[in-house]
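A.B. asks: Input structure: structure13.csv, which contains CSV, C-alpha atoms.
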chain,number,residue,atom,x,y,z
A,1,MET,CA,178.0,-254.7,-38.9
A,2,LYS,CA,179.9,-251.4,-39.1
A,3,LEU,CA,182.6,-250.7,-36.6
A,4,PHE,CA,182.5,-247.6,-34.4
A,5,SER,CA,185.5,-246.2,-36.2
A,6,GLN,CA,183.6,-246.4,-39.5
A,7,TYR,CA,180.6,-244.5,-38.1
A,8,LEU,CA,183.0,-241.8,-36.7
A,9,LYS,CA,184.7,-241.4,-40.1
A,10,GLU,CA,181.3,-241.1,-41.9
A,11,ASN,CA,180.2,-238.5,-39.4
A,12,GLN,CA,183.4,-236.5,-39.9
A,13,ASP,CA,183.0,-236.8,-43.7
A,14,THR,CA,179.5,-235.3,-43.6
A,15,LYS,CA,180.1,-232.5,-41.0
A,16,LYS,CA,180.9,-229.1,-42.3
A,17,TYR,CA,182.6,-226.2,-40.5
A,18,VAL,CA,180.9,-222.9,-41.4
A,19,PHE,CA,182.6,-219.5,-41.0
A,20,LYS,CA,181.7,-216.0,-42.0
A,21,ILE,CA,184.6,-213.8,-43.2
A,22,LYS,CA,184.3,-210.0,-43.0
A,23,VAL,CA,186.9,-207.6,-44.5
A,24,ALA,CA,186.8,-203.9,-44.0
A,25,GLY,CA,187.9,-201.5,-46.7
A,26,ASP,CA,188.8,-202.0,-50.4
A,27,LEU,CA,189.9,-205.5,-51.4
A,28,PRO,CA,193.2,-206.0,-53.3
A,29,GLU,CA,193.2,-207.4,-56.8
A,30,HIS,CA,192.2,-211.1,-57.0
A,31,CYS,CA,191.5,-211.2,-53.3
A,32,GLU,CA,188.7,-213.7,-53.5
A,33,ASP,CA,190.8,-216.2,-55.5
A,34,VAL,CA,193.7,-215.8,-53.1
A,35,MET,CA,191.4,-216.4,-50.0
A,36,GLU,CA,189.8,-219.5,-51.5
A,37,ALA,CA,193.2,-220.9,-52.4
A,38,ALA,CA,194.4,-220.3,-48.8
A,39,LEU,CA,191.4,-222.0,-47.3
A,40,GLN,CA,192.0,-225.2,-49.4
A,41,LYS,CA,194.3,-226.2,-46.6
A,42,TYR,CA,191.1,-227.2,-44.8
A,43,GLN,CA,189.3,-228.5,-47.9
A,44,VAL,CA,186.8,-225.9,-49.0
A,45,SER,CA,183.4,-227.3,-49.9
A,46,LYS,CA,181.7,-223.9,-50.3
A,47,PHE,CA,183.0,-220.4,-50.8
A,48,THR,CA,180.4,-217.6,-51.6
A,49,LYS,CA,181.1,-214.5,-53.7
A,50,GLY,CA,181.7,-211.5,-51.4
A,51,LYS,CA,178.9,-209.1,-50.8
A,52,SER,CA,179.8,-205.5,-50.1
A,53,THR,CA,178.0,-203.0,-47.9
A,54,PRO,CA,177.7,-199.3,-48.6
A,55,ILE,CA,180.2,-196.9,-47.0
A,56,GLN,CA,179.2,-196.4,-43.3
A,57,ALA,CA,180.4,-193.9,-40.7
A,58,THR,CA,181.0,-196.7,-38.3
A,59,LEU,CA,181.1,-200.5,-38.8
A,60,ILE,CA,179.9,-202.6,-35.8
A,61,ASP,CA,182.5,-205.2,-36.5
A,62,PHE,CA,185.2,-202.6,-36.9
A,63,PRO,CA,184.5,-199.8,-34.5
A,64,GLU,CA,188.0,-198.3,-34.9
A,65,ILE,CA,187.5,-197.9,-38.7
A,66,LYS,CA,185.5,-194.9,-39.8
A,67,ASN,CA,183.8,-194.2,-43.2
A,68,SER,CA,184.4,-197.5,-44.8
A,69,SER,CA,182.6,-200.3,-46.5
A,70,MET,CA,182.7,-204.0,-45.7
A,71,THR,CA,182.8,-207.2,-47.7
A,72,VAL,CA,181.3,-210.4,-46.4
A,73,PHE,CA,182.1,-214.0,-47.4
A,74,GLU,CA,180.8,-217.3,-46.3
A,75,THR,CA,182.7,-220.6,-46.4
A,76,GLU,CA,182.2,-224.3,-45.4
A,77,LEU,CA,185.3,-226.4,-44.7
A,78,ASP,CA,185.6,-230.1,-44.3
A,79,TYR,CA,188.3,-230.0,-41.7
A,80,PRO,CA,188.1,-228.3,-38.3
A,81,THR,CA,189.9,-225.1,-37.4
A,82,THR,CA,189.3,-222.0,-35.4
A,83,SER,CA,188.3,-218.4,-36.3
A,84,ALA,CA,191.6,-217.0,-35.0
A,85,VAL,CA,193.6,-219.4,-37.1
A,86,LEU,CA,191.7,-218.6,-40.3
A,87,ALA,CA,191.9,-214.8,-39.7
A,88,GLU,CA,195.7,-215.1,-39.4
A,89,LEU,CA,195.9,-217.3,-42.5
A,90,LEU,CA,193.8,-214.9,-44.6
A,91,ALA,CA,195.7,-211.8,-43.4
A,92,SER,CA,199.1,-213.4,-44.3
A,93,SER,CA,197.9,-214.7,-47.7
A,94,THR,CA,196.1,-211.6,-48.9
A,95,GLY,CA,198.3,-208.9,-47.4
A,96,ILE,CA,195.3,-207.3,-45.7
A,97,SER,CA,195.9,-205.9,-42.2
A,98,ARG,CA,194.8,-208.3,-39.4
A,99,SER,CA,192.7,-205.5,-37.9
A,100,CYS,CA,190.6,-205.4,-41.1
A,101,ILE,CA,189.6,-209.0,-41.0
A,102,ARG,CA,187.0,-210.7,-38.8
A,103,VAL,CA,186.3,-214.5,-38.9
A,104,ARG,CA,183.5,-216.0,-36.9
A,105,THR,CA,181.4,-219.2,-36.6
A,106,PRO,CA,177.5,-218.9,-36.6
A,107,ILE,CA,177.6,-219.2,-32.8
A,108,GLU,CA,180.2,-216.5,-32.4
A,109,GLU,CA,178.2,-214.2,-34.7
A,110,ALA,CA,175.1,-214.7,-32.5
A,111,ASN,CA,177.0,-214.0,-29.4
A,112,MET,CA,178.5,-210.9,-30.9
A,113,ALA,CA,175.0,-209.6,-31.9
A,114,VAL,CA,173.8,-210.0,-28.3
A,115,GLU,CA,176.8,-208.3,-26.8
A,116,THR,CA,176.4,-205.4,-29.3
A,117,GLU,CA,172.8,-205.0,-28.4
A,118,GLU,CA,173.5,-205.0,-24.6
A,119,ASP,CA,176.4,-202.4,-25.0
A,120,ASN,CA,174.3,-200.0,-27.0
A,121,PRO,CA,170.8,-199.8,-25.4
A,122,THR,CA,168.4,-197.2,-26.8
A,123,SER,CA,168.8,-194.2,-24.5
A,124,ILE,CA,165.6,-192.3,-23.5
A,125,LEU,CA,167.7,-189.1,-23.8
A,126,THR,CA,168.1,-189.6,-27.6
A,127,GLN,CA,164.4,-189.9,-28.1
A,128,ASP,CA,162.2,-187.0,-29.0
A,129,TYR,CA,159.5,-186.0,-26.5
A,130,PRO,CA,155.9,-186.3,-27.7
A,131,LYS,CA,154.6,-183.1,-29.2
A,132,GLU,CA,152.1,-182.0,-26.5
A,133,ASN,CA,151.7,-178.7,-24.8
A,134,ASN,CA,150.0,-180.2,-21.8
A,135,GLN,CA,147.6,-177.3,-21.5
A,136,ASN,CA,145.1,-179.6,-19.9
A,137,LEU,CA,147.4,-179.7,-16.8
A,138,VAL,CA,148.2,-176.1,-16.5
A,139,GLY,CA,146.9,-172.6,-17.5
A,140,GLU,CA,143.7,-170.7,-17.0
A,141,LYS,CA,141.5,-173.5,-18.5
A,142,TYR,CA,142.7,-176.0,-16.1
A,143,ILE,CA,142.3,-173.7,-13.1
A,144,SER,CA,138.8,-172.7,-14.2
A,145,GLY,CA,137.8,-176.4,-14.6
A,146,PHE,CA,139.4,-177.3,-11.3
A,147,LEU,CA,137.4,-174.7,-9.4
A,148,LYS,CA,134.1,-175.8,-11.1
A,149,ASP,CA,134.7,-179.4,-10.1
A,150,LEU,CA,135.6,-178.4,-6.6
A,151,ALA,CA,132.4,-176.4,-6.2
A,152,LYS,CA,130.3,-179.2,-7.6
A,153,GLN,CA,131.8,-181.7,-5.2
A,154,ARG,CA,131.2,-179.4,-2.2
A,155,LYS,CA,127.6,-178.9,-3.3
A,156,GLU,CA,127.1,-182.7,-3.7
A,157,SER,CA,128.6,-183.4,-0.2
A,158,GLN,CA,126.1,-181.2,1.7
A,159,PRO,CA,122.8,-182.8,3.0
A,160,THR,CA,119.6,-182.2,1.2
A,161,GLN,CA,117.4,-179.6,2.8
A,162,TYR,CA,113.7,-179.2,2.2
A,163,LYS,CA,112.4,-175.7,2.6
A,164,GLY,CA,109.2,-175.2,4.6
A,165,VAL,CA,109.1,-178.5,6.5
A,166,ASN,CA,112.5,-178.3,8.2
A,167,GLU,CA,112.0,-174.6,9.0
A,168,LYS,CA,108.7,-175.2,10.8
A,169,LEU,CA,110.0,-178.1,12.8
A,170,LEU,CA,113.1,-176.2,13.8
A,171,ALA,CA,111.0,-173.2,14.9
A,172,LYS,CA,108.6,-175.3,17.1
A,173,SER,CA,111.6,-177.1,18.7
A,174,LEU,CA,113.2,-173.8,19.6
A,175,HIS,CA,110.0,-172.4,21.0
A,176,LYS,CA,109.4,-175.4,23.3
A,177,GLU,CA,113.0,-175.3,24.6
A,178,LYS,CA,112.8,-171.6,25.5
A,179,ALA,CA,109.5,-172.1,27.4
A,180,THR,CA,111.0,-175.0,29.4
A,181,GLU,CA,114.0,-172.9,30.4
A,182,MET,CA,111.8,-170.0,31.6
A,183,ALA,CA,109.6,-172.4,33.7
A,184,LYS,CA,112.6,-173.9,35.5
A,185,THR,CA,114.2,-170.5,36.3
A,186,GLY,CA,111.1,-168.8,37.9
A,187,PRO,CA,111.0,-165.4,39.7
A,188,ALA,CA,113.8,-164.4,42.0
A,189,HIS,CA,113.1,-164.5,45.9
A,190,SER,CA,114.7,-162.1,48.3
A,191,LEU,CA,116.4,-163.5,51.4
A,192,LEU,CA,115.2,-160.5,53.6
A,193,LYS,CA,111.5,-161.1,52.8
A,194,GLY,CA,109.4,-161.6,56.0
A,195,LEU,CA,111.8,-159.7,58.2
A,196,THR,CA,110.3,-156.5,59.8
A,197,GLY,CA,112.2,-153.7,61.4
A,198,ASN,CA,115.9,-153.6,62.0
A,199,PRO,CA,117.3,-156.3,64.1
A,200,ASP,CA,119.0,-155.4,67.4
A,201,PRO,CA,122.6,-156.3,67.1
A,202,ARG,CA,122.8,-156.5,70.9
A,203,LYS,CA,120.3,-159.3,71.0
A,204,GLY,CA,121.2,-162.8,69.9
Could you render the structure from this file as structure tokens?
C.D. replies:
Amino acid sequence: MKLFSQYLKENQDTKKYVFKIKVAGDLPEHCEDVMEAALQKYQVSKFTKGKSTPIQATLIDFPEIKNSSMTVFETELDYPTTSAVLAELLASSTGISRSCIRVRTPIEEANMAVETEEDNPTSILTQDYPKENNQNLVGEKYISGFLKDLAKQRKESQPTQYKGVNEKLLAKSLHKEKATEMAKTGPAHSLLKGLTGNPDPRKG
């Protein structure tokens, strides 16, 4: 049965420490060989040939550097170390300025991508408006159509009238009401009717 120390050693032997190295600007002569030799301090198991990008106005990893290209390397080490330590080692061994070197683990790269996306959201002010003149919302055509719809709605909201039947019923109703009022009113009666002669003011 294996001891715990043996399992731990086997796990350390199989684990690799992956880093991505980015260098802005032109590389000095034999730069790749010098970098790989410096990394041997941590036992290099893999070192890829550098891939260069076209010249760009601004590099995301180097915002202070303008109109420059960038070369990217990937390496796997057998012994643990940190990104900051490797960046200092590569700068001192190659003579490249520390500000032109970025070293990150895969996790650090992912976090950097998220932060960059959050810091540079797409602004609506930088987007072009859709090419529409919106004449369906303004102008003479819109006003004319609006008035037609308004007249149509007003016509539909009125009650339906049937000519002939309604008119006859209305005329009969008015005739009956007028006759009733005249019957209730009757002729006017004088209060002095039945009195003959002039009354004597001296008599009670």
A.B. asks: Using atom CA of Gln43 of chain A and atom CA of Asp61 of chain A as the two end points, give the distance in Å to one decimal.
C.D. replies: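 Computing it gives 26.8 Å between the two atoms.
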A.B. asks: Please provide the set of residues having any atom within 12 Å of Thr81 of chain A, restricted to only C-alpha atoms, with same-chain residues fewer than 2 positions apart removed, written as a tab-separated table (two decimals) with C-alpha atoms, keeping the file's coordinate frame.
C.D. replies:
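The resulting file, around-v2.tsv, is shown below:
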chain	number	residue	atom	x	y	z
A	16	LYS	CA	180.90	-229.10	-42.30
A	17	TYR	CA	182.60	-226.20	-40.50
A	18	VAL	CA	180.90	-222.90	-41.40
A	19	PHE	CA	182.60	-219.50	-41.00
A	39	LEU	CA	191.40	-222.00	-47.30
A	41	LYS	CA	194.30	-226.20	-46.60
A	42	TYR	CA	191.10	-227.20	-44.80
A	43	GLN	CA	189.30	-228.50	-47.90
A	76	GLU	CA	182.20	-224.30	-45.40
A	77	LEU	CA	185.30	-226.40	-44.70
A	78	ASP	CA	185.60	-230.10	-44.30
A	79	TYR	CA	188.30	-230.00	-41.70
A	83	SER	CA	188.30	-218.40	-36.30
A	84	ALA	CA	191.60	-217.00	-35.00
A	85	VAL	CA	193.60	-219.40	-37.10
A	86	LEU	CA	191.70	-218.60	-40.30
A	87	ALA	CA	191.90	-214.80	-39.70
A	88	GLU	CA	195.70	-215.10	-39.40
A	89	LEU	CA	195.90	-217.30	-42.50
A	103	VAL	CA	186.30	-214.50	-38.90
A	104	ARG	CA	183.50	-216.00	-36.90
A	105	THR	CA	181.40	-219.20	-36.60
A.B. asks: One number please: atom CA of Ile60 of chain A to atom CA of Thr116 of chain A, in Å, one decimal.
C.D. replies: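 Pair atom CA of Ile60 of chain A / atom CA of Thr116 of chain A returns 7.9 Å.
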A.B. asks: Around (185.1, -201.4, -44.3) in the file's own coordinates, what residues are found within 12 Å if you use all atoms listed in the file, given back as a ChimeraX atom specification?
C.D. replies: /A:22-27,51-72,96-97,99-102
A.B. asks: Report, in Å to a single decimal, how far apart atom CA of Thr48 of chain A and atom CA of Glu115 of chain A are.
C.D. replies: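 These two atoms are separated by 26.7 Å.
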A.B. asks: Find, counting only C-alpha atoms, the residue in A:Asp149, A:Ala113, A:Lys20, A:Gly95 that gets nearest to Phe73 of chain A.
C.D. replies: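 Under the stated criterion, the closest residue is A:Lys20.
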A.B. asks: Show me, as a list of chain:residue names, the residues that have an atom within 10 Å of Thr94 of chain A when counting all atoms listed in the file, minus same-chain residues fewer than 3 positions from it.
C.D. replies: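 My reading of the contact set: A:Leu27, A:Pro28, A:Glu29, A:His30, A:Cys31, A:Glu32, A:Asp33, A:Val34, A:Met35, A:Ala38, A:Leu89, A:Leu90, A:Ala91, A:Ser97.
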